[in-house]
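Worksheet: one structure, shown below.
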Amino acid sequence: MTLSFEQARTLILEHVQPLGGETADLLDLVGRVLAAEVRAPWDMPRWDNSEMDGFAVRAADCQSSKSLSVTGFLPAGMSAEGVVVEPGTAVRIMTGAPIPAGCDAVVPIEETESDGSSVTIRGEVISGNFIRRRGSDMTADAMMLPTGTRLRPAEVNLLASFGQAQVQVYRRPEVAILSTGDELVRPGQTPGPGQVVDSNAYSLAAAVQELGAVPKLLGIARDQRSSLAGKISQGLHADMLITTAGVAMGDRDLVCDTLAESGVEPLFWKVGMKPGGPTAFGRYAGKPVFSLPGNPVSSMISFEQLVRPALLKMMGRTDLLRSSVKATLREPMHNRTGKLRFLRVRVEQTADGLVAMSAGAQNTGILSTMIRANAIAMMPADRTLCVAGDQVDVQLLGPEPVPEQPLAESFPISRKTPPAVSFVARSGTGKTTLLEQLINTLQARGHKVGALKMVSKSFEIDHPGKDSYRLSAAGTEATLICSPHKLAFMQPREGCGDVKFLLDRFFAGVDLVLVEGGKQASLPKVEVVRQERNEPLLCCDSERQQDYIAVTSDGPLDLDLPVLDLNNVDEIADFLVARFL
């Protein structure tokens with residue numbers, strides 16, 4: 001049975017499910033996917049602590065007197081028990097050290113002068129300066145990482161910082177790989193007349209390893225039913241079996257028949273794609289079985305387009321398909337096959353955008369084109385010719401990132417204002433932590449998320465003493481800080497609270513903007529509530545009551561508004577998707 005490419009891929013993914021979970025150590029986590037959510041066992045930070053090396057002070061003392069007696073020293077790792085900042089005194093403190101009793105601000109060392117026994121404070125000191133509050137990063141029992149999170153070094157750092165030496169992740173699939181054919185010899189052997197070296201097994205094993213799964217080479221089965229049956233029987237013990245060659249229509253192409261005799265349920269035999277058409281797929285005891293073509297290029301393309309998404313799903317991943325972008329052809333490309341054609345191309349960034357050119361002759365016997373290609377162009381079955389200047393869809397391959405757009409295109413004005421929702425709360429309720437978790441969850445579902453922080457007071461994005469701070473303070477009309485990967489723009493400007501202007505100017509292409517703060521803004525609002533604080537609800541005591549669309553709470557509330565579980569990020573994400581997306 002021949003299916004279209006889309007039918008074949010859909011059928012495969014319908015019949016593949018994530019494997020069960022297993023416990024893995026911290027050093028075995030990168031690239032894997034959480035099989036069970038992880039909650040914070042304690043507040044982070046676990047105590048109020050200093051953001052800077054400097055002096056712990058009383059802010060009120062620094063308004064009346066700039067010179068204070070130094071009465072103690074608190075390094076990181078030392079308890080603050082018994083250490084007190086008395087009126088008129090300061091305590092020398094290091095980054096990460098706990099805040100002593102009596103202190104309500106830390107002054108960075110570069111803003112002071114000290115002879116050891118006394119310290120002179122330069123500049124304004126505001127209560128709360130340079131103090132990291134307990135639980136400001138994450139509160140105890142908050143959702144650290146939801147099920148389905150793909151673990152990177154940052155997630156490993158978070159888990160380690162909370163003492164999580166082991167977590168549950170989806171199991172790595174074991175993938176059995178079987179080469180077939182009388183003409184094959186192993187690498188290291190000199191091929192005789194009519195023989196070729198078995199390269200497919202090793203390219204497929206490398207592709208399996210690259211995804212984080214475990215390849216198991218079964219060797220070479222000869223073109224005899226007994227040889228095939230024995231090797232296939234071994235392979236069916238793995239989580240997935242891949243065979244190569246023997247699935248065309250020749251007299252000695254015995255693989256499909258032998259698989260059926262071994263108990264494999266066939267689901268399709270051929271796919272309307274080129275290369276890779278003679279690809280078969282079936283199941284054995286719920287396990288996927290793929291039979292790929294013997295041609296090396298066809299085998300690699302079939303793996304890329306059909307096997308790779310299945311393996312990713314088995315490992316708990318949700319980003320199953322490579323990103324597709326538009327590129328302009330530099331030369332004409334033909335498709336006389338009547339099938340979806342995958343062309344090996346080289347994509348380059350130019351001043352006019354992405355340009356694609358052939359990686360070489362598209363004959364499937366020319367393996368070197370797979371080396372030169374960094375993308376796969378897709379020509380639909382009903383398109384016989386694309387001329388130079390036409391745009392085509394291309395899948396970017398390998399570790400190369402999507403080439404950056406010209407900087408001038410990075411801030412296009414939105415043609416359509418993206419939806420935005422404001423999260424408001426009284427101080428210390430953990431709304432920043434909630435927004436972090438929502439951003440991770442929505443991005444994992446494929447949504448592009450923007451964030452807007454709205455504050456009522458003036459602010460600086462960097463600290464006094466920094467070069468950019470000094471330049472801005474000197475009276476610039478505008479200050480831009482940039483690196484090769486990030487930029488920040490500062491400009492004194494009235495009317496910055498115009499939310500529509502901000503959404504249109506800075507969030508083009510974003511699906512949803514999560515706003516932290518903005519109680520007075522004309523935006524739909526979600527209030528974050530912690531019942532232990534026993535504070536009046538903003539939604540019941542606000543000039544803009546009509547803007548509130550929900551409340552997230554860690555306990556039940558009797559309200560006319562929807563009340564969402566503050567500790568269930570998926571429930572809140574479902575609400576936002578249904579309301580705005």
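By convention here, the chains of the structure tokens are called A, B, ... in the order presented, each chain's residues are numbered starting at 1, and ligands are numbered starting at 1 in the order presented.
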Find the spatial neighbours of Leu537 (chain A), counting only C-alpha atoms, within a cut-off of 12 Å - ignore same-chain residues fewer than 5 positions away - and output them as a count of residues only. 19
Taking 3 positions as the minimum chain separation for residues in the same chain, which residues sit within 10 Å of Arg383 (chain A) when counting only C-alpha atoms? Answer as a ChimeraX atom specification. /A:334-341,379-380,386
Might you pull out every residue within 9 Å of Phe489 (chain A), with only C-alpha atoms counted and same-chain residues fewer than 5 positions away left off, and present them as a PyMOL selection string? chain A and resi 478-482
N, CA, C and O atoms of the current selection, written as a short mmCIF file (atom, residue, chain, number, x, y, z; two decimals), in the first residue's frame:
```cif
data_model
loop_
_atom_site.label_atom_id
_atom_site.label_comp_id
_atom_site.auth_asym_id
_atom_site.auth_seq_id
_atom_site.Cartn_x
_atom_site.Cartn_y
_atom_site.Cartn_z
N ALA A 478 19.66 59.13 24.34
CA ALA A 478 19.35 57.70 24.25
C ALA A 478 20.65 56.92 24.44
O ALA A 478 21.72 57.38 24.05
N THR A 479 20.56 55.75 25.06
CA THR A 479 21.72 54.89 25.28
C THR A 479 21.38 53.48 24.83
O THR A 479 20.34 52.94 25.20
N LEU A 480 22.25 52.90 24.01
CA LEU A 480 22.05 51.55 23.51
C LEU A 480 23.21 50.67 23.97
O LEU A 480 24.38 51.03 23.77
N ILE A 481 22.91 49.56 24.63
CA ILE A 481 23.91 48.58 25.03
C ILE A 481 23.74 47.38 24.12
O ILE A 481 22.62 46.87 23.98
N CYS A 482 24.81 46.93 23.49
CA CYS A 482 24.65 45.79 22.59
C CYS A 482 25.85 44.86 22.65
O CYS A 482 26.97 45.28 22.98
#
```
Run DSSP on the backbone and tell me which residues of region 33-124 of chain A come out as strand (DSSP E or B); list them as a ChimeraX atom specification. /A:33-34,38-39,44,49-50,54-57,67-74,84,89-93,98,101,105-108,112-114,118-121
Got time to write the residues from that selection, N, CA, C and O atoms, as a compact mmCIF listing (two decimals), in the first residue's frame?
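Written out: part-v1.txt:
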```txt
# COMPACT_ATOMS: atom_id res chain seq x y z
N VAL A 33 14.01 14.10 28.59
CA VAL A 33 12.73 14.75 28.85
C VAL A 33 12.15 14.24 30.16
O VAL A 33 12.13 13.02 30.40
N LEU A 34 11.69 15.15 31.01
CA LEU A 34 11.10 14.77 32.29
C LEU A 34 9.84 13.93 32.10
O LEU A 34 8.93 14.32 31.35
N VAL A 38 8.57 18.10 38.70
CA VAL A 38 9.43 18.29 39.88
C VAL A 38 9.00 19.58 40.56
O VAL A 38 8.92 20.63 39.91
N ARG A 39 8.73 19.51 41.88
CA ARG A 39 8.34 20.68 42.65
C ARG A 39 9.46 21.09 43.59
O ARG A 39 10.29 20.26 43.99
N MET A 44 13.55 29.33 47.37
CA MET A 44 14.82 29.70 46.77
C MET A 44 14.78 31.19 46.48
O MET A 44 13.92 31.64 45.71
N ASN A 49 19.22 37.29 51.38
CA ASN A 49 20.68 37.34 51.28
C ASN A 49 21.13 38.50 50.41
O ASN A 49 20.32 39.14 49.73
N SER A 50 22.41 38.76 50.45
CA SER A 50 22.97 39.93 49.78
C SER A 50 23.25 39.64 48.31
O SER A 50 23.81 38.59 47.97
N GLY A 54 29.55 44.15 49.96
CA GLY A 54 29.38 45.53 50.40
C GLY A 54 29.13 45.60 51.89
O GLY A 54 29.77 44.89 52.68
N PHE A 55 28.17 46.45 52.27
CA PHE A 55 27.88 46.68 53.68
C PHE A 55 26.37 46.59 53.91
O PHE A 55 25.57 47.20 53.19
N ALA A 56 25.99 45.80 54.93
CA ALA A 56 24.61 45.73 55.37
C ALA A 56 24.33 46.91 56.28
O ALA A 56 25.06 47.14 57.25
N VAL A 57 23.25 47.67 55.97
CA VAL A 57 22.99 48.92 56.70
C VAL A 57 21.51 49.05 56.98
O VAL A 57 20.68 48.30 56.49
N SER A 67 28.52 58.33 57.50
CA SER A 67 29.63 57.58 58.09
C SER A 67 29.10 56.67 59.18
O SER A 67 28.41 57.13 60.10
N LEU A 68 29.38 55.37 59.06
CA LEU A 68 28.86 54.38 60.00
C LEU A 68 30.00 53.54 60.55
O LEU A 68 31.00 53.30 59.87
N SER A 69 29.84 53.06 61.79
CA SER A 69 30.82 52.17 62.40
C SER A 69 30.64 50.76 61.86
O SER A 69 29.51 50.27 61.75
N VAL A 70 31.73 50.09 61.51
CA VAL A 70 31.67 48.71 61.04
C VAL A 70 31.83 47.79 62.25
O VAL A 70 32.87 47.81 62.92
N THR A 71 30.79 46.98 62.52
CA THR A 71 30.78 46.19 63.75
C THR A 71 30.85 44.68 63.51
O THR A 71 30.83 43.91 64.47
N GLY A 72 30.92 44.25 62.25
CA GLY A 72 30.97 42.81 62.03
C GLY A 72 31.26 42.48 60.58
O GLY A 72 31.37 43.35 59.72
N PHE A 73 31.37 41.18 60.32
CA PHE A 73 31.67 40.69 58.98
C PHE A 73 30.90 39.39 58.74
O PHE A 73 30.93 38.48 59.58
N LEU A 74 30.16 39.33 57.63
CA LEU A 74 29.37 38.15 57.30
C LEU A 74 29.81 37.62 55.93
O LEU A 74 29.41 38.14 54.88
N VAL A 84 23.82 41.65 64.39
CA VAL A 84 22.77 42.67 64.35
C VAL A 84 23.36 43.97 63.83
O VAL A 84 24.46 44.37 64.22
N THR A 89 25.36 51.78 62.67
CA THR A 89 26.43 50.83 62.37
C THR A 89 26.18 50.16 61.03
O THR A 89 25.12 50.27 60.43
N ALA A 90 27.21 49.45 60.57
CA ALA A 90 27.13 48.65 59.35
C ALA A 90 27.89 47.35 59.57
O ALA A 90 28.77 47.28 60.43
N VAL A 91 27.53 46.33 58.81
CA VAL A 91 28.22 45.04 58.87
C VAL A 91 28.76 44.74 57.48
O VAL A 91 28.02 44.81 56.49
N ARG A 92 30.05 44.45 57.40
CA ARG A 92 30.65 44.04 56.13
C ARG A 92 30.02 42.71 55.70
O ARG A 92 29.90 41.79 56.51
N ILE A 93 29.56 42.63 54.42
CA ILE A 93 28.83 41.44 53.97
C ILE A 93 29.31 41.04 52.58
O ILE A 93 29.72 41.90 51.78
N PRO A 98 23.69 35.66 54.43
CA PRO A 98 22.36 35.98 54.93
C PRO A 98 22.30 37.41 55.48
O PRO A 98 23.29 37.93 56.00
N ALA A 101 19.94 40.69 61.26
CA ALA A 101 18.83 41.41 61.89
C ALA A 101 19.12 42.91 61.89
O ALA A 101 20.25 43.34 62.08
N ALA A 105 18.96 47.14 53.84
CA ALA A 105 19.57 47.48 52.55
C ALA A 105 21.03 47.06 52.57
O ALA A 105 21.65 46.94 53.63
N VAL A 106 21.56 46.82 51.37
CA VAL A 106 22.99 46.55 51.20
C VAL A 106 23.55 47.61 50.27
O VAL A 106 22.95 47.93 49.23
N VAL A 107 24.71 48.16 50.62
CA VAL A 107 25.38 49.16 49.79
C VAL A 107 26.57 48.48 49.12
O VAL A 107 27.45 47.95 49.81
N PRO A 108 26.65 48.45 47.77
CA PRO A 108 27.78 47.81 47.10
C PRO A 108 29.09 48.48 47.50
O PRO A 108 29.15 49.69 47.75
N THR A 112 31.23 52.87 48.39
CA THR A 112 31.64 53.20 49.76
C THR A 112 33.14 53.48 49.82
O THR A 112 33.89 53.18 48.89
N GLU A 113 33.55 54.04 50.94
CA GLU A 113 34.96 54.15 51.31
C GLU A 113 35.08 53.68 52.75
O GLU A 113 34.32 54.10 53.61
N SER A 114 36.04 52.77 53.00
CA SER A 114 36.14 52.18 54.34
C SER A 114 37.59 52.05 54.75
O SER A 114 38.45 51.73 53.93
N SER A 118 35.29 51.92 60.02
CA SER A 118 34.13 52.75 59.67
C SER A 118 33.98 52.74 58.15
O SER A 118 34.91 52.39 57.42
N VAL A 119 32.80 53.14 57.70
CA VAL A 119 32.53 53.17 56.27
C VAL A 119 31.76 54.44 55.95
O VAL A 119 30.87 54.86 56.69
N THR A 120 32.13 55.08 54.85
CA THR A 120 31.43 56.26 54.36
C THR A 120 30.61 55.86 53.13
O THR A 120 31.14 55.23 52.20
N ILE A 121 29.34 56.21 53.16
CA ILE A 121 28.41 55.82 52.10
C ILE A 121 28.29 56.95 51.09
O ILE A 121 28.08 58.11 51.46
```
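The spacing separating CA of Ala207 (chain A) from CA of Ala375 (chain A) amounts to 15.8 Å.
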Let me make sure I understand: among A:Gly316, A:Pro45, A:Gly428, A:Pro146, which one has the smallest atom-to-atom distance to Ala97 (chain A) if we use only C-alpha atoms?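 Residue with the minimum atom-to-atom distance to Ala97 (chain A): A:Pro45.
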